[in-house]
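K.L.:
Please see the structure below; I have some questions.
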Amino acid sequence: MRIIVALALTVTLARAAAAAGAPAREPAAWPVPPELLTRYEQSGGTETPRHAETIAYCRRLAAASPWLAYTTFGTSPQGRELPLLIADRAGLCTPEQARAAGRAVVLIQACIHAGEPDGKDAGLLLLREIAVAGRLASLLDGVTVLFIPIFNVDGHERFGPHNRINQNGPREMGWRTTARGLNLNRDHVKADAPEMQAWLRLFTAWLPDLMVDCHVTDGADYQYALTYGLELGGNLDAGLAAWARDIWLADLEAELGRRGLAIAPYVMFRKWDDPRSGLRSGVAPPRFSTSYAAAQNRPALLLETHMLKDYRARVEATRAALEVTLRVASREGRRLRALTAAADSLVASPGFRARPLPLTFRAAPDSTVVDFLGVAYDVVTSDLTGGAWIRYDASRPQIWRLPRFDRSEPHVTVDLPAAWVVPPEWDEVIARLALHGVAIRRLARETVLPVTSCRLRDARWEERPFEGRHRLTYEIETFAQERAFPAGTAVIDAGQRTARLIAHALEPAGPDAFVRWGFFDPVFEQKEYAENYVMEAKAREMLAADPALRAELAACQAADPALAASQEAILNWFYLRSPWADPRLEVYPVGRIQDPAAVPASDPVSASVAAPAGANSSAAELRQ
């Protein structure tokens with residue numbers, strides 16, 4: 001304990017010197033006291049701690065350094081703390097303090113997939129070196145670090161040695177999904193998991209300037225211990241993308257290369273069963289962490305250590321990448337904050353609406369040839385399954401010349417409206433938008449508005465659930481109408497920094513649109529029908545009044561044999577074209593106001609959401 005007190009005193013003096021304007025310098029190396037050895041170190045790099053042990057260690061770190069504060073940002077469905085360490089050289093530990101001091105905020109998260117704990121152990125080691133040992137104190141120059149050692153806390157405690165069949169350590173680890181079976185890294189937009197809702201409150205409160213998400217990859221064998229993903233394909237602000245590519249990634253590749261650690265973009269073969277088919281990368285939908293950050297105008301780095309490398313090699317590779325990232329952030333913090341502020345302003349500006357917004361991308365046909373550090377392999381025909389069996393031989397490293405298809409081009413785009421309007425009965429949708437930091441106003445009284453609406457035809461639900469929901473596809477038909485919206489309707493202006501995210505959530509063409517996840521399923525249910533004895537007569541009256549209906553019916557029957565074979569289906573076909581049909585059936589409830597002059601004045605509603613636990617606590621309270 002004396003060593004911890006001495007270390008804390010050293011850091012306190014260094015902080016005072018920094019506050020007085022003295023230049024930052026790295027203190028001399030200190031031996032790590034037994035109390036601050038991690039489970040990873042104690043086990044010789046083969047084990048990772050459980051949730052309770054991780055929390056206890058975080059508290060010891062915070063007690064050992066005035067630069068660290070421990071808090072939680074929520075509670076899991078099974079009642080576990082969602083842990084958060086905040087690192088700052090002045091002890092700042094709230095978003096307001098960090099913004100007032102001009103800090104660049106860096107969010108590092110681990111164990112979103114709890115069976116992939118490399119980032120947890122790497123981050124704990126790095127923060128100890130920065131804030132307690134003081135060897136890397138300069139990494140906090142102008143930077144506030146938020147570190148989530150375990151995001152998926154309930155899945156983490158589904159602990160065991162058999163949770164990742166193709167992963168080489170640690171001895172035991174957590175499970176991929178939450179206790180509800182949800183993959184948090186598919187949940188960023190729909191936000192079904194309580195853990196994700198807590199994370200969104202944290203994210204929108206702090207609005208980090210950059211983010212790192214730590215994973216372990218699946219897939220093929222190759223020489224790289226670490227691969228990465230960066231959203232550079234068109235869904236991130238151009239200025240931020242250039243910075244991420246030319247500064248962040250360039251430094252990462254150069255510095256890790258000097259340390260003998262070659263890295264490569266996340267490995268996906270064009271044909272997964274043919275490593276020589278070439279490499280591909282593209283733009284992911286915003287359900288994923290790094291793409292979600294891009295939709296919020298923030299650069300994010302995906303770290304994917306190689307599952308077949310031993311645990312020590314993976315943790316050390318992650319730690320090195322985090323160290324380089326913080327060095328870049330401390331050096332580039334002022335420019336990075338200016339770039340994120342400029343991106344936010346651009347998205348909120350009228351000029352952003354002047355060009356189509358891509359919702360999906362597709363791979364461009366051109367490629368470049370790159371060297372790939374692969375390993376030898378044989379392809380044999382399995383005598384068990386009859387299929388192709390790739391057998392890698394890591395003892396025989398090879399360098400392959402492979403085409404890389406890494407350029408994307410917009411596929412589905414949308415012209416942004418001046419505003420969206422969401423009727424108040426869809427309160428769950430409005431609440432989810434607020435979680436994303438969306439500014440929302442409310443109509444004070446019923447108002448008739450000129451909107452573009454759409455009817456979603458031929459809706460089809462996937463047979464099997466995906467992330468707890470049966471996703472659907474449909475054909476989109478747009479039409480203009482004047483529609484009465486009741487008091488309390490949410491008015492969501494496109495002129496705000498979250499416009500990219502709003503479009504992904506509310507535009508039906510988006511891959512992660514709320515309607516595609518089933519939030520609006522009731523609009524597809526027909527609730528009124530006609531009895532056959534009534535409709536047989538009505539159908540004949542309709543044919544007499546409009547002979548063209550007969551040809552239309554014949555065309556529909558030719559395209560749909562089931563319609564042709566069913567009396568009820570034929571009569572319902574007529575019913576749906578009669579004045580008695582529900583005009584709201586299949587009509588998407590969200591309206592789009594195209595003309596800015598038509599956007600109504602309305603009562604503002606705070607878009608802020610409940611702050612994470614401890615977010616407004618004092619530094620002293622956070623260290624308890």
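Please note that chains go A, B, ... in the order of the structure tokens, that every chain numbers its residues from 1, and that ligands are numbered from 1 in the order shown.
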Could you write out, as a ChimeraX atom specification, all the residues of range 144-197 of chain A that DSSP marks as strand (DSSP E)?
P.N.:
/A:144-148
K.L.:
Using the chain letters and numbers from this document, which residues of range 396-538 of chain A does DSSP assign to alpha helix (DSSP H), as a PyMOL selection string?
P.N.:
chain A and resi 427-435+499-506+532-538
K.L.:
Under the rule that only C-alpha atoms are counted, which of A:Leu359, A:Val429, A:Val590, A:Ala101 is the nearest residue to Ser453 in chain A?
P.N.:
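Looking at the shortest contact to Ser453 in chain A, the residue is A:Val590.
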K.L.:
Can you tell me which residues surround range 280-292 of chain A at a distance of at most 6 Å, considering only C-alpha atoms, apart from same-chain residues fewer than 2 positions away, and format the answer as a PDB file with all heavy atoms, in the first residue's frame?
P.N.:
```pdb
ATOM      1  N   ASN A 185     -23.169  -5.655 -30.769  1.00  0.00           N
ATOM      2  CA  ASN A 185     -22.602  -5.016 -31.953  1.00  0.00           C
ATOM      3  C   ASN A 185     -23.466  -5.205 -33.194  1.00  0.00           C
ATOM      4  O   ASN A 185     -22.977  -5.151 -34.316  1.00  0.00           O
ATOM      5  CB  ASN A 185     -21.184  -5.522 -32.227  1.00  0.00           C
ATOM      6  CG  ASN A 185     -20.380  -4.528 -33.042  1.00  0.00           C
ATOM      7  OD1 ASN A 185     -20.606  -3.325 -32.973  1.00  0.00           O
ATOM      8  ND2 ASN A 185     -19.436  -5.024 -33.830  1.00  0.00           N
ATOM      9  N   ARG A 186     -24.727  -5.433 -32.985  1.00  0.00           N
ATOM     10  CA  ARG A 186     -25.739  -5.345 -34.045  1.00  0.00           C
ATOM     11  C   ARG A 186     -26.903  -4.468 -33.579  1.00  0.00           C
ATOM     12  O   ARG A 186     -27.925  -4.383 -34.243  1.00  0.00           O
ATOM     13  CB  ARG A 186     -26.297  -6.734 -34.420  1.00  0.00           C
ATOM     14  CG  ARG A 186     -25.257  -7.798 -34.739  1.00  0.00           C
ATOM     15  CD  ARG A 186     -24.500  -7.506 -36.014  1.00  0.00           C
ATOM     16  NE  ARG A 186     -23.591  -8.591 -36.350  1.00  0.00           N
ATOM     17  CZ  ARG A 186     -22.345  -8.723 -35.913  1.00  0.00           C
ATOM     18  NH1 ARG A 186     -21.847  -7.816 -35.089  1.00  0.00           N
ATOM     19  NH2 ARG A 186     -21.590  -9.748 -36.263  1.00  0.00           N
ATOM     20  N   ASP A 187     -26.723  -3.822 -32.434  1.00  0.00           N
ATOM     21  CA  ASP A 187     -27.856  -3.195 -31.740  1.00  0.00           C
ATOM     22  C   ASP A 187     -27.743  -1.687 -31.630  1.00  0.00           C
ATOM     23  O   ASP A 187     -28.576  -1.047 -30.993  1.00  0.00           O
ATOM     24  CB  ASP A 187     -27.960  -3.802 -30.324  1.00  0.00           C
ATOM     25  CG  ASP A 187     -29.298  -3.544 -29.657  1.00  0.00           C
ATOM     26  OD1 ASP A 187     -30.336  -3.681 -30.331  1.00  0.00           O
ATOM     27  OD2 ASP A 187     -29.311  -3.209 -28.459  1.00  0.00           O
ATOM     28  N   HIS A 188     -26.756  -1.078 -32.280  1.00  0.00           N
ATOM     29  CA  HIS A 188     -26.514   0.341 -32.021  1.00  0.00           C
ATOM     30  C   HIS A 188     -27.663   1.243 -32.461  1.00  0.00           C
ATOM     31  O   HIS A 188     -27.931   2.262 -31.824  1.00  0.00           O
ATOM     32  CB  HIS A 188     -25.216   0.788 -32.702  1.00  0.00           C
ATOM     33  CG  HIS A 188     -23.993   0.335 -31.989  1.00  0.00           C
ATOM     34  ND1 HIS A 188     -23.455  -0.926 -32.154  1.00  0.00           N
ATOM     35  CD2 HIS A 188     -23.198   0.967 -31.090  1.00  0.00           C
ATOM     36  CE1 HIS A 188     -22.378  -1.044 -31.389  1.00  0.00           C
ATOM     37  NE2 HIS A 188     -22.195   0.086 -30.733  1.00  0.00           N
ATOM     38  N   VAL A 189     -28.359   0.911 -33.529  1.00  0.00           N
ATOM     39  CA  VAL A 189     -29.454   1.765 -33.993  1.00  0.00           C
ATOM     40  C   VAL A 189     -30.761   1.396 -33.308  1.00  0.00           C
ATOM     41  O   VAL A 189     -31.430   2.256 -32.716  1.00  0.00           O
ATOM     42  CB  VAL A 189     -29.600   1.698 -35.523  1.00  0.00           C
ATOM     43  CG1 VAL A 189     -30.794   2.533 -35.979  1.00  0.00           C
ATOM     44  CG2 VAL A 189     -28.336   2.207 -36.204  1.00  0.00           C
ATOM     45  N   GLY A 233     -15.076   4.583 -46.379  1.00  0.00           N
ATOM     46  CA  GLY A 233     -15.653   4.330 -47.693  1.00  0.00           C
ATOM     47  C   GLY A 233     -16.719   5.280 -48.153  1.00  0.00           C
ATOM     48  O   GLY A 233     -17.330   5.058 -49.206  1.00  0.00           O
ATOM     49  N   MET A 268     -11.256 -10.155 -45.062  1.00  0.00           N
ATOM     50  CA  MET A 268     -12.406 -10.841 -45.653  1.00  0.00           C
ATOM     51  C   MET A 268     -12.028 -11.233 -47.075  1.00  0.00           C
ATOM     52  O   MET A 268     -11.685 -10.367 -47.885  1.00  0.00           O
ATOM     53  CB  MET A 268     -13.648  -9.941 -45.663  1.00  0.00           C
ATOM     54  CG  MET A 268     -14.223  -9.635 -44.306  1.00  0.00           C
ATOM     55  SD  MET A 268     -15.817  -8.755 -44.406  1.00  0.00           S
ATOM     56  CE  MET A 268     -15.282  -7.197 -45.086  1.00  0.00           C
ATOM     57  N   ARG A 270     -12.822 -12.562 -50.827  1.00  0.00           N
ATOM     58  CA  ARG A 270     -13.970 -12.406 -51.726  1.00  0.00           C
ATOM     59  C   ARG A 270     -14.797 -13.682 -51.761  1.00  0.00           C
ATOM     60  O   ARG A 270     -16.018 -13.641 -51.817  1.00  0.00           O
ATOM     61  CB  ARG A 270     -13.497 -12.037 -53.129  1.00  0.00           C
ATOM     62  CG  ARG A 270     -12.810 -10.678 -53.208  1.00  0.00           C
ATOM     63  CD  ARG A 270     -12.497 -10.316 -54.637  1.00  0.00           C
ATOM     64  NE  ARG A 270     -13.672  -9.883 -55.361  1.00  0.00           N
ATOM     65  CZ  ARG A 270     -13.806  -9.927 -56.682  1.00  0.00           C
ATOM     66  NH1 ARG A 270     -12.824 -10.418 -57.426  1.00  0.00           N
ATOM     67  NH2 ARG A 270     -14.891  -9.486 -57.271  1.00  0.00           N
ATOM     68  N   ALA A 294     -19.545   6.691 -37.262  1.00  0.00           N
ATOM     69  CA  ALA A 294     -19.489   7.494 -38.485  1.00  0.00           C
ATOM     70  C   ALA A 294     -20.795   8.239 -38.710  1.00  0.00           C
ATOM     71  O   ALA A 294     -20.799   9.398 -39.131  1.00  0.00           O
ATOM     72  CB  ALA A 294     -19.160   6.607 -39.679  1.00  0.00           C
ATOM     73  N   ALA A 295     -21.928   7.569 -38.431  1.00  0.00           N
ATOM     74  CA  ALA A 295     -23.223   8.234 -38.582  1.00  0.00           C
ATOM     75  C   ALA A 295     -23.389   9.373 -37.585  1.00  0.00           C
ATOM     76  O   ALA A 295     -24.205  10.274 -37.798  1.00  0.00           O
ATOM     77  CB  ALA A 295     -24.360   7.224 -38.415  1.00  0.00           C
ATOM     78  N   ALA A 300     -13.913   6.091 -35.921  1.00  0.00           N
ATOM     79  CA  ALA A 300     -13.817   4.971 -34.981  1.00  0.00           C
ATOM     80  C   ALA A 300     -12.948   3.881 -35.582  1.00  0.00           C
ATOM     81  O   ALA A 300     -12.996   3.621 -36.792  1.00  0.00           O
ATOM     82  CB  ALA A 300     -15.208   4.421 -34.643  1.00  0.00           C
ATOM     83  N   ARG A 404      -7.040  -6.321 -53.939  1.00  0.00           N
ATOM     84  CA  ARG A 404      -7.874  -5.823 -52.845  1.00  0.00           C
ATOM     85  C   ARG A 404      -8.946  -4.910 -53.418  1.00  0.00           C
ATOM     86  O   ARG A 404      -8.651  -3.931 -54.097  1.00  0.00           O
ATOM     87  CB  ARG A 404      -7.041  -5.061 -51.815  1.00  0.00           C
ATOM     88  CG  ARG A 404      -7.914  -4.321 -50.783  1.00  0.00           C
ATOM     89  CD  ARG A 404      -7.130  -3.689 -49.681  1.00  0.00           C
ATOM     90  NE  ARG A 404      -6.593  -4.674 -48.765  1.00  0.00           N
ATOM     91  CZ  ARG A 404      -7.316  -5.304 -47.822  1.00  0.00           C
ATOM     92  NH1 ARG A 404      -8.613  -5.046 -47.691  1.00  0.00           N
ATOM     93  NH2 ARG A 404      -6.760  -6.173 -47.031  1.00  0.00           N
ATOM     94  N   PHE A 405     -10.182  -5.269 -53.149  1.00  0.00           N
ATOM     95  CA  PHE A 405     -11.330  -4.475 -53.569  1.00  0.00           C
ATOM     96  C   PHE A 405     -11.818  -3.705 -52.336  1.00  0.00           C
ATOM     97  O   PHE A 405     -12.560  -4.237 -51.508  1.00  0.00           O
ATOM     98  CB  PHE A 405     -12.430  -5.387 -54.116  1.00  0.00           C
ATOM     99  CG  PHE A 405     -12.046  -6.117 -55.370  1.00  0.00           C
ATOM    100  CD1 PHE A 405     -11.289  -7.287 -55.307  1.00  0.00           C
ATOM    101  CD2 PHE A 405     -12.418  -5.645 -56.615  1.00  0.00           C
ATOM    102  CE1 PHE A 405     -10.928  -7.971 -56.465  1.00  0.00           C
ATOM    103  CE2 PHE A 405     -12.067  -6.316 -57.777  1.00  0.00           C
ATOM    104  CZ  PHE A 405     -11.312  -7.481 -57.703  1.00  0.00           C
ATOM    105  N   ASP A 406     -11.368  -2.476 -52.209  1.00  0.00           N
ATOM    106  CA  ASP A 406     -11.663  -1.725 -50.990  1.00  0.00           C
ATOM    107  C   ASP A 406     -12.323  -0.377 -51.267  1.00  0.00           C
ATOM    108  O   ASP A 406     -12.467   0.439 -50.356  1.00  0.00           O
ATOM    109  CB  ASP A 406     -10.404  -1.523 -50.163  1.00  0.00           C
ATOM    110  CG  ASP A 406      -9.312  -0.774 -50.901  1.00  0.00           C
ATOM    111  OD1 ASP A 406      -9.509  -0.447 -52.085  1.00  0.00           O
ATOM    112  OD2 ASP A 406      -8.260  -0.517 -50.297  1.00  0.00           O
TER     113      ASP A 406
END
```
K.L.:
Nearest to Gly155 in chain A: which of A:Gln398, A:Gln197, A:Gln97, A:Ser76 is it, counting only C-alpha atoms?
P.N.:
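Counting only C-alpha atoms, the residue closest to Gly155 in chain A is A:Ser76.
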K.L.:
Quick one: of A:Tyr224, A:Phe574, A:Phe151, A:Trp420, who's nearest to Asp493 in chain A, counting only C-alpha atoms?
P.N.:
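Looking only at the distances to Asp493 in chain A, the closest residue turns out to be A:Trp420.
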K.L.:
I'd like the neighbourhood of Arg592 in chain A as a VMD selection string, where a residue qualifies if any of its atoms comes within 12 Å (using only C-alpha atoms), though same-chain residues fewer than 5 positions away should be ignored.
P.N.:
chain A and resid 414 to 423 449 to 454 478 to 483 490 to 494 503 506 to 508 598 to 599
K.L.:
List the spatial neighbours of Met542 in chain A as a list of chain:residue names - criterion: any atom at most 12 Å away, only C-alpha atoms, same-chain residues fewer than 6 positions off excluded.
P.N.:
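Near Met542 in chain A, the qualifying residues are A:Met535, A:Glu536, A:Ala548, A:Leu549, A:Arg550, A:Leu553, A:Leu571, A:Trp573, A:Phe574, A:Tyr575, A:Leu576, A:Arg577, A:Ser578, A:Pro579.
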K.L.:
Those same residues, written as a PDB file, in the first residue's frame with N, CA, C and O atoms?
P.N.:
```pdb
ATOM      1  N   MET A 535     -69.387  -9.069 -50.548  1.00  0.00           N
ATOM      2  CA  MET A 535     -68.366  -8.637 -51.499  1.00  0.00           C
ATOM      3  C   MET A 535     -68.597  -9.183 -52.894  1.00  0.00           C
ATOM      4  O   MET A 535     -68.175  -8.564 -53.886  1.00  0.00           O
ATOM      5  N   GLU A 536     -69.267 -10.327 -52.999  1.00  0.00           N
ATOM      6  CA  GLU A 536     -69.571 -10.841 -54.347  1.00  0.00           C
ATOM      7  C   GLU A 536     -70.403  -9.815 -55.118  1.00  0.00           C
ATOM      8  O   GLU A 536     -70.143  -9.532 -56.295  1.00  0.00           O
ATOM      9  N   ALA A 548     -61.989  -1.440 -66.366  1.00  0.00           N
ATOM     10  CA  ALA A 548     -60.545  -1.674 -66.385  1.00  0.00           C
ATOM     11  C   ALA A 548     -60.093  -2.554 -65.229  1.00  0.00           C
ATOM     12  O   ALA A 548     -59.003  -3.151 -65.279  1.00  0.00           O
ATOM     13  N   LEU A 549     -60.907  -2.654 -64.186  1.00  0.00           N
ATOM     14  CA  LEU A 549     -60.541  -3.506 -63.061  1.00  0.00           C
ATOM     15  C   LEU A 549     -60.386  -4.965 -63.470  1.00  0.00           C
ATOM     16  O   LEU A 549     -59.571  -5.701 -62.901  1.00  0.00           O
ATOM     17  N   ARG A 550     -61.158  -5.411 -64.484  1.00  0.00           N
ATOM     18  CA  ARG A 550     -61.083  -6.809 -64.901  1.00  0.00           C
ATOM     19  C   ARG A 550     -59.690  -7.139 -65.446  1.00  0.00           C
ATOM     20  O   ARG A 550     -59.112  -8.189 -65.127  1.00  0.00           O
ATOM     21  N   LEU A 553     -57.244  -7.193 -62.554  1.00  0.00           N
ATOM     22  CA  LEU A 553     -57.365  -8.437 -61.794  1.00  0.00           C
ATOM     23  C   LEU A 553     -56.704  -9.590 -62.534  1.00  0.00           C
ATOM     24  O   LEU A 553     -55.984 -10.397 -61.929  1.00  0.00           O
ATOM     25  N   LEU A 571     -61.928 -11.753 -53.602  1.00  0.00           N
ATOM     26  CA  LEU A 571     -62.873 -10.787 -53.054  1.00  0.00           C
ATOM     27  C   LEU A 571     -62.168  -9.751 -52.176  1.00  0.00           C
ATOM     28  O   LEU A 571     -62.550  -8.574 -52.152  1.00  0.00           O
ATOM     29  N   TRP A 573     -59.197  -8.703 -52.740  1.00  0.00           N
ATOM     30  CA  TRP A 573     -58.554  -7.836 -53.735  1.00  0.00           C
ATOM     31  C   TRP A 573     -59.502  -6.698 -54.106  1.00  0.00           C
ATOM     32  O   TRP A 573     -59.104  -5.531 -54.177  1.00  0.00           O
ATOM     33  N   PHE A 574     -60.772  -7.028 -54.315  1.00  0.00           N
ATOM     34  CA  PHE A 574     -61.754  -5.987 -54.616  1.00  0.00           C
ATOM     35  C   PHE A 574     -61.994  -5.090 -53.401  1.00  0.00           C
ATOM     36  O   PHE A 574     -62.101  -3.860 -53.525  1.00  0.00           O
ATOM     37  N   TYR A 575     -62.065  -5.720 -52.206  1.00  0.00           N
ATOM     38  CA  TYR A 575     -62.330  -4.946 -50.996  1.00  0.00           C
ATOM     39  C   TYR A 575     -61.246  -3.876 -50.776  1.00  0.00           C
ATOM     40  O   TYR A 575     -61.553  -2.721 -50.434  1.00  0.00           O
ATOM     41  N   LEU A 576     -60.006  -4.248 -50.999  1.00  0.00           N
ATOM     42  CA  LEU A 576     -58.909  -3.316 -50.776  1.00  0.00           C
ATOM     43  C   LEU A 576     -58.922  -2.158 -51.768  1.00  0.00           C
ATOM     44  O   LEU A 576     -58.235  -1.152 -51.550  1.00  0.00           O
ATOM     45  N   ARG A 577     -59.683  -2.269 -52.842  1.00  0.00           N
ATOM     46  CA  ARG A 577     -59.818  -1.195 -53.820  1.00  0.00           C
ATOM     47  C   ARG A 577     -61.143  -0.462 -53.691  1.00  0.00           C
ATOM     48  O   ARG A 577     -61.470   0.386 -54.526  1.00  0.00           O
ATOM     49  N   SER A 578     -61.879  -0.792 -52.639  1.00  0.00           N
ATOM     50  CA  SER A 578     -63.185  -0.169 -52.434  1.00  0.00           C
ATOM     51  C   SER A 578     -63.077   0.992 -51.456  1.00  0.00           C
ATOM     52  O   SER A 578     -62.065   1.131 -50.758  1.00  0.00           O
ATOM     53  N   PRO A 579     -64.105   1.838 -51.362  1.00  0.00           N
ATOM     54  CA  PRO A 579     -64.079   2.960 -50.409  1.00  0.00           C
ATOM     55  C   PRO A 579     -64.058   2.510 -48.957  1.00  0.00           C
ATOM     56  O   PRO A 579     -63.767   3.303 -48.067  1.00  0.00           O
TER      57      PRO A 579
END
```
K.L.:
Counting only C-alpha atoms, what is within 12 Å of Lys271 in chain A, bar same-chain residues fewer than 6 positions away, as a PyMOL selection string?
P.N.:
chain A and resi 219-220+277-280
K.L.:
Keeping only C-alpha atoms, write the selected residues to a file as a short mmCIF file (atom, residue, chain, number, x, y, z; two decimals), in the first residue's frame.
P.N.:
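result22.cif, written as the output of this step:
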```cif
data_model
loop_
_atom_site.label_atom_id
_atom_site.label_comp_id
_atom_site.auth_asym_id
_atom_site.auth_seq_id
_atom_site.Cartn_x
_atom_site.Cartn_y
_atom_site.Cartn_z
CA GLY A 219 -12.05 -16.65 -39.95
CA ALA A 220 -8.87 -17.63 -41.72
CA SER A 277 -9.69 -15.06 -54.44
CA GLY A 278 -8.68 -11.62 -53.22
CA LEU A 279 -9.53 -9.30 -50.35
CA ARG A 280 -12.59 -7.14 -49.94
#
```
